[in-house]
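Chemist: My structure file query_0.cif, mmCIF, N, CA and C atoms; chains and numbers go by the auth columns, is below:
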data_data
#
loop_
_atom_site.group_PDB
_atom_site.id
_atom_site.type_symbol
_atom_site.label_atom_id
_atom_site.label_comp_id
_atom_site.label_asym_id
_atom_site.label_seq_id
_atom_site.Cartn_x
_atom_site.Cartn_y
_atom_site.Cartn_z
_atom_site.B_iso_or_equiv
_atom_site.auth_seq_id
_atom_site.auth_asym_id
ATOM 1 N N MET A 1 14.049 -22.690 9.518 0.00 106 A
ATOM 2 C CA MET A 1 13.165 -21.864 10.303 0.00 106 A
ATOM 3 C C MET A 1 12.873 -20.574 9.519 0.00 106 A
ATOM 4 N N ALA A 2 11.606 -20.203 9.448 0.00 107 A
ATOM 5 C CA ALA A 2 11.200 -18.991 8.742 0.00 107 A
ATOM 6 C C ALA A 2 11.584 -17.751 9.538 0.00 107 A
ATOM 7 N N LYS A 3 11.916 -16.710 8.815 0.00 108 A
ATOM 8 C CA LYS A 3 12.191 -15.431 9.448 0.00 108 A
ATOM 9 C C LYS A 3 10.879 -14.654 9.488 0.00 108 A
ATOM 10 N N VAL A 4 10.555 -14.088 10.627 0.00 109 A
ATOM 11 C CA VAL A 4 9.356 -13.269 10.760 0.00 109 A
ATOM 12 C C VAL A 4 9.725 -11.958 11.449 0.00 109 A
ATOM 13 N N ALA A 5 8.955 -10.920 11.140 0.00 110 A
ATOM 14 C CA ALA A 5 9.220 -9.613 11.738 0.00 110 A
ATOM 15 C C ALA A 5 7.898 -8.941 12.086 0.00 110 A
ATOM 16 N N LEU A 6 7.895 -8.246 13.197 0.00 111 A
ATOM 17 C CA LEU A 6 6.770 -7.420 13.613 0.00 111 A
ATOM 18 C C LEU A 6 7.308 -6.002 13.763 0.00 111 A
ATOM 19 N N LEU A 7 6.836 -5.109 12.917 0.00 112 A
ATOM 20 C CA LEU A 7 7.270 -3.718 12.937 0.00 112 A
ATOM 21 C C LEU A 7 6.132 -2.858 13.463 0.00 112 A
ATOM 22 N N ILE A 8 6.425 -2.050 14.457 0.00 113 A
ATOM 23 C CA ILE A 8 5.412 -1.200 15.071 0.00 113 A
ATOM 24 C C ILE A 8 5.889 0.241 15.018 0.00 113 A
ATOM 25 N N GLY A 9 5.093 1.080 14.385 0.00 114 A
ATOM 26 C CA GLY A 9 5.403 2.506 14.301 0.00 114 A
ATOM 27 C C GLY A 9 4.328 3.307 15.007 0.00 114 A
ATOM 28 N N ILE A 10 4.718 4.012 16.052 0.00 115 A
ATOM 29 C CA ILE A 10 3.771 4.823 16.813 0.00 115 A
ATOM 30 C C ILE A 10 4.221 6.276 16.727 0.00 115 A
ATOM 31 N N SER A 11 3.361 7.092 16.113 0.00 116 A
ATOM 32 C CA SER A 11 3.686 8.504 15.971 0.00 116 A
ATOM 33 C C SER A 11 2.693 9.395 16.708 0.00 116 A
ATOM 34 N N GLU A 12 1.590 8.810 17.154 0.00 117 A
ATOM 35 C CA GLU A 12 0.559 9.588 17.831 0.00 117 A
ATOM 36 C C GLU A 12 0.472 9.151 19.293 0.00 117 A
ATOM 37 N N TYR A 13 0.579 10.129 20.179 0.00 118 A
ATOM 38 C CA TYR A 13 0.572 9.850 21.607 0.00 118 A
ATOM 39 C C TYR A 13 -0.521 10.631 22.296 0.00 118 A
ATOM 40 N N GLU A 14 -0.702 10.360 23.559 0.00 119 A
ATOM 41 C CA GLU A 14 -1.725 11.062 24.336 0.00 119 A
ATOM 42 C C GLU A 14 -1.372 12.546 24.429 0.00 119 A
ATOM 43 N N PRO A 15 -2.377 13.379 24.713 0.00 120 A
ATOM 44 C CA PRO A 15 -2.120 14.815 24.836 0.00 120 A
ATOM 45 C C PRO A 15 -0.993 15.091 25.840 0.00 120 A
ATOM 46 N N GLY A 16 -0.170 16.036 25.488 0.00 121 A
ATOM 47 C CA GLY A 16 0.951 16.396 26.348 0.00 121 A
ATOM 48 C C GLY A 16 2.264 15.793 25.897 0.00 121 A
ATOM 49 N N LEU A 17 2.209 14.780 25.053 0.00 122 A
ATOM 50 C CA LEU A 17 3.426 14.157 24.518 0.00 122 A
ATOM 51 C C LEU A 17 3.567 14.546 23.052 0.00 122 A
ATOM 52 N N ALA A 18 4.757 14.908 22.673 0.00 123 A
ATOM 53 C CA ALA A 18 5.000 15.335 21.297 0.00 123 A
ATOM 54 C C ALA A 18 4.880 14.158 20.339 0.00 123 A
ATOM 55 N N PRO A 19 4.247 14.371 19.182 0.00 124 A
ATOM 56 C CA PRO A 19 4.156 13.304 18.190 0.00 124 A
ATOM 57 C C PRO A 19 5.519 13.040 17.538 0.00 124 A
ATOM 58 N N LEU A 20 5.671 11.856 17.006 0.00 125 A
ATOM 59 C CA LEU A 20 6.871 11.477 16.252 0.00 125 A
ATOM 60 C C LEU A 20 6.428 11.229 14.805 0.00 125 A
ATOM 61 N N PRO A 21 6.357 12.279 13.993 0.00 126 A
ATOM 62 C CA PRO A 21 5.753 12.160 12.669 0.00 126 A
ATOM 63 C C PRO A 21 6.463 11.199 11.723 0.00 126 A
ATOM 64 N N ASN A 22 7.713 10.897 11.947 0.00 127 A
ATOM 65 C CA ASN A 22 8.431 10.007 11.032 0.00 127 A
ATOM 66 C C ASN A 22 8.428 8.544 11.472 0.00 127 A
ATOM 67 N N ALA A 23 7.860 8.235 12.603 0.00 128 A
ATOM 68 C CA ALA A 23 7.891 6.853 13.098 0.00 128 A
ATOM 69 C C ALA A 23 7.226 5.889 12.121 0.00 128 A
ATOM 70 N N VAL A 24 6.097 6.265 11.571 0.00 129 A
ATOM 71 C CA VAL A 24 5.400 5.388 10.625 0.00 129 A
ATOM 72 C C VAL A 24 6.193 5.271 9.321 0.00 129 A
ATOM 73 N N LYS A 25 6.764 6.375 8.874 0.00 130 A
ATOM 74 C CA LYS A 25 7.592 6.343 7.659 0.00 130 A
ATOM 75 C C LYS A 25 8.812 5.442 7.867 0.00 130 A
ATOM 76 N N ASP A 26 9.398 5.488 9.052 0.00 131 A
ATOM 77 C CA ASP A 26 10.562 4.651 9.350 0.00 131 A
ATOM 78 C C ASP A 26 10.200 3.168 9.299 0.00 131 A
ATOM 79 N N VAL A 27 9.022 2.824 9.800 0.00 132 A
ATOM 80 C CA VAL A 27 8.577 1.427 9.778 0.00 132 A
ATOM 81 C C VAL A 27 8.354 0.970 8.339 0.00 132 A
ATOM 82 N N GLU A 28 7.790 1.840 7.522 0.00 133 A
ATOM 83 C CA GLU A 28 7.585 1.499 6.118 0.00 133 A
ATOM 84 C C GLU A 28 8.928 1.285 5.412 0.00 133 A
ATOM 85 N N ALA A 29 9.911 2.126 5.729 0.00 134 A
ATOM 86 C CA ALA A 29 11.238 1.982 5.135 0.00 134 A
ATOM 87 C C ALA A 29 11.895 0.677 5.593 0.00 134 A
ATOM 88 N N MET A 30 11.751 0.335 6.857 0.00 135 A
ATOM 89 C CA MET A 30 12.327 -0.907 7.367 0.00 135 A
ATOM 90 C C MET A 30 11.692 -2.117 6.687 0.00 135 A
ATOM 91 N N ARG A 31 10.404 -2.049 6.449 0.00 136 A
ATOM 92 C CA ARG A 31 9.723 -3.145 5.759 0.00 136 A
ATOM 93 C C ARG A 31 10.309 -3.344 4.358 0.00 136 A
ATOM 94 N N ARG A 32 10.544 -2.247 3.658 0.00 137 A
ATOM 95 C CA ARG A 32 11.134 -2.356 2.310 0.00 137 A
ATOM 96 C C ARG A 32 12.509 -3.018 2.371 0.00 137 A
ATOM 97 N N VAL A 33 13.291 -2.703 3.389 0.00 138 A
ATOM 98 C CA VAL A 33 14.611 -3.319 3.553 0.00 138 A
ATOM 99 C C VAL A 33 14.463 -4.816 3.828 0.00 138 A
ATOM 100 N N LEU A 34 13.553 -5.168 4.718 0.00 139 A
ATOM 101 C CA LEU A 34 13.402 -6.574 5.093 0.00 139 A
ATOM 102 C C LEU A 34 12.943 -7.450 3.928 0.00 139 A
ATOM 103 N N VAL A 35 12.058 -6.948 3.078 0.00 140 A
ATOM 104 C CA VAL A 35 11.550 -7.776 1.981 0.00 140 A
ATOM 105 C C VAL A 35 12.442 -7.719 0.746 0.00 140 A
ATOM 106 N N ASN A 36 13.437 -6.852 0.750 0.00 141 A
ATOM 107 C CA ASN A 36 14.369 -6.779 -0.375 0.00 141 A
ATOM 108 C C ASN A 36 15.209 -8.054 -0.398 0.00 141 A
ATOM 109 N N PRO A 37 15.209 -8.774 -1.533 0.00 142 A
ATOM 110 C CA PRO A 37 15.949 -10.048 -1.589 0.00 142 A
ATOM 111 C C PRO A 37 17.461 -9.899 -1.398 0.00 142 A
ATOM 112 N N GLU A 38 18.002 -8.722 -1.651 0.00 143 A
ATOM 113 C CA GLU A 38 19.440 -8.511 -1.487 0.00 143 A
ATOM 114 C C GLU A 38 19.807 -8.027 -0.087 0.00 143 A
ATOM 115 N N MET A 39 18.804 -7.742 0.732 0.00 144 A
ATOM 116 C CA MET A 39 19.074 -7.245 2.074 0.00 144 A
ATOM 117 C C MET A 39 18.514 -8.203 3.116 0.00 144 A
ATOM 118 N N GLY A 40 17.237 -8.080 3.414 0.00 145 A
ATOM 119 C CA GLY A 40 16.636 -8.905 4.464 0.00 145 A
ATOM 120 C C GLY A 40 16.157 -10.248 3.963 0.00 145 A
ATOM 121 N N ASP A 41 15.684 -10.272 2.732 0.00 146 A
ATOM 122 C CA ASP A 41 15.180 -11.500 2.096 0.00 146 A
ATOM 123 C C ASP A 41 14.044 -12.152 2.883 0.00 146 A
ATOM 124 N N PHE A 42 13.211 -11.353 3.526 0.00 147 A
ATOM 125 C CA PHE A 42 12.019 -11.863 4.208 0.00 147 A
ATOM 126 C C PHE A 42 10.912 -12.042 3.180 0.00 147 A
ATOM 127 N N ALA A 43 10.076 -13.031 3.368 0.00 148 A
ATOM 128 C CA ALA A 43 8.872 -13.161 2.564 0.00 148 A
ATOM 129 C C ALA A 43 7.913 -12.050 2.975 0.00 148 A
ATOM 130 N N GLU A 44 7.225 -11.459 2.002 0.00 149 A
ATOM 131 C CA GLU A 44 6.289 -10.364 2.300 0.00 149 A
ATOM 132 C C GLU A 44 5.275 -10.774 3.364 0.00 149 A
ATOM 133 N N ALA A 45 4.803 -11.992 3.297 0.00 150 A
ATOM 134 C CA ALA A 45 3.784 -12.474 4.238 0.00 150 A
ATOM 135 C C ALA A 45 4.324 -12.624 5.657 0.00 150 A
ATOM 136 N N ASP A 46 5.637 -12.627 5.815 0.00 151 A
ATOM 137 C CA ASP A 46 6.244 -12.821 7.133 0.00 151 A
ATOM 138 C C ASP A 46 6.627 -11.513 7.820 0.00 151 A
ATOM 139 N N VAL A 47 6.256 -10.397 7.212 0.00 152 A
ATOM 140 C CA VAL A 47 6.524 -9.093 7.812 0.00 152 A
ATOM 141 C C VAL A 47 5.178 -8.433 8.113 0.00 152 A
ATOM 142 N N THR A 48 4.910 -8.254 9.390 0.00 153 A
ATOM 143 C CA THR A 48 3.677 -7.600 9.834 0.00 153 A
ATOM 144 C C THR A 48 4.020 -6.188 10.270 0.00 153 A
ATOM 145 N N MET A 49 3.235 -5.240 9.788 0.00 154 A
ATOM 146 C CA MET A 49 3.488 -3.842 10.107 0.00 154 A
ATOM 147 C C MET A 49 2.237 -3.255 10.758 0.00 154 A
ATOM 148 N N LEU A 50 2.420 -2.653 11.927 0.00 155 A
ATOM 149 C CA LEU A 50 1.327 -1.995 12.628 0.00 155 A
ATOM 150 C C LEU A 50 1.639 -0.509 12.728 0.00 155 A
ATOM 151 N N LYS A 51 0.695 0.317 12.279 0.00 156 A
ATOM 152 C CA LYS A 51 0.865 1.772 12.334 0.00 156 A
ATOM 153 C C LYS A 51 -0.103 2.337 13.370 0.00 156 A
ATOM 154 N N ASN A 52 0.441 2.981 14.375 0.00 157 A
ATOM 155 C CA ASN A 52 -0.352 3.581 15.449 0.00 157 A
ATOM 156 C C ASN A 52 -1.411 2.612 15.991 0.00 157 A
ATOM 157 N N PRO A 53 -1.003 1.416 16.364 0.00 158 A
ATOM 158 C CA PRO A 53 -1.971 0.417 16.820 0.00 158 A
ATOM 159 C C PRO A 53 -2.437 0.669 18.253 0.00 158 A
ATOM 160 N N GLN A 54 -3.549 0.075 18.565 0.00 159 A
ATOM 161 C CA GLN A 54 -4.019 0.039 19.944 0.00 159 A
ATOM 162 C C GLN A 54 -3.195 -1.017 20.688 0.00 159 A
ATOM 163 N N ARG A 55 -3.147 -0.911 21.992 0.00 160 A
ATOM 164 C CA ARG A 55 -2.348 -1.839 22.797 0.00 160 A
ATOM 165 C C ARG A 55 -2.740 -3.297 22.542 0.00 160 A
ATOM 166 N N GLN A 56 -4.028 -3.567 22.492 0.00 161 A
ATOM 167 C CA GLN A 56 -4.485 -4.951 22.280 0.00 161 A
ATOM 168 C C GLN A 56 -4.029 -5.498 20.927 0.00 161 A
ATOM 169 N N ASP A 57 -4.011 -4.655 19.917 0.00 162 A
ATOM 170 C CA ASP A 57 -3.541 -5.083 18.599 0.00 162 A
ATOM 171 C C ASP A 57 -2.072 -5.484 18.647 0.00 162 A
ATOM 172 N N MET A 58 -1.278 -4.738 19.405 0.00 163 A
ATOM 173 C CA MET A 58 0.146 -5.082 19.535 0.00 163 A
ATOM 174 C C MET A 58 0.302 -6.405 20.284 0.00 163 A
ATOM 175 N N GLU A 59 -0.460 -6.578 21.348 0.00 164 A
ATOM 176 C CA GLU A 59 -0.366 -7.815 22.107 0.00 164 A
ATOM 177 C C GLU A 59 -0.791 -9.005 21.250 0.00 164 A
ATOM 178 N N ASP A 60 -1.834 -8.839 20.467 0.00 165 A
ATOM 179 C CA ASP A 60 -2.309 -9.919 19.601 0.00 165 A
ATOM 180 C C ASP A 60 -1.279 -10.276 18.540 0.00 165 A
ATOM 181 N N ALA A 61 -0.625 -9.261 17.986 0.00 166 A
ATOM 182 C CA ALA A 61 0.365 -9.500 16.941 0.00 166 A
ATOM 183 C C ALA A 61 1.594 -10.181 17.523 0.00 166 A
#
Can you give me the file's structure in the form of structure tokens?
Modeler:
Amino acid sequence: MAKVALLIGISEYEPGLAPLPNAVKDVEAMRRVLVNPEMGDFAEADVTMLKNPQRQDMEDA
């Protein structure tokens, strides 16, 4: 069975909620860990990363 991952980093929120500026950076770092052959050993094509996506994009992914 193939390993797959969906990483979602949301740093921008509606007015009144504080942004999380490192959320996208954290997702990028996690992706590097997952595709590293000595750590996660995921195939690059099996890791999907969404940065500040719309709700429909997350549901589709």
Chemist: Would you mind reading off the distance between atom C of Ser116 in chain A and CA of Glu149 in chain A, one decimal, in Å?
Modeler: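 Answer for the atom C of Ser116 in chain A to CA of Glu149 in chain A separation: 24.7 Å.
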Chemist: My list of candidates is A:Leu112, A:Leu122, A:Met106, A:Met163. Which is closest to Ala134 in chain A when distances are computed with only C-alpha atoms?
Modeler: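 Of the candidates, the smallest distance to Ala134 in chain A is held by A:Leu112.
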Chemist: How many Å separate atom N of Asp146 in chain A from atom C of Leu125 in chain A?
Modeler: 26.3 Å
Chemist: Given the file shown, determine the residues that the PyMOL selection byres (((chain A and resi 147 and name CA) around 12) and name CA) selects; report them as number ranges by chain.
Modeler: A: 106-111, 135-146, 148-153
Chemist: Take CA of Asn157 in chain A and CA of Gly114 in chain A and report the distance between them in Å, one decimal.
Modeler: 6.0 Å
Chemist: Report the residues of chain A whose backbone DSSP state falls under helix (DSSP H, G or I), written as a list in words.
Modeler: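 Output for chain A, helix (DSSP H, G or I) only: Ala128, Val129, Lys130, Asp131, Val132, Glu133, Ala134, Met135, Arg136, Arg137, Val138, Leu139, Val140, Glu149, Ala150, Asp151, Arg160, Gln161, Asp162, Met163, Glu164 and Asp165 of chain A.
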Chemist: Give me the residues near Glu117 in chain A as a PyMOL selection string, where near means some atom within 8 Å (using only N, CA and C atoms) and where sequence neighbours in that chain fewer than 4 positions away do not count.
Modeler: chain A and resi 122-126+128-129+156-158
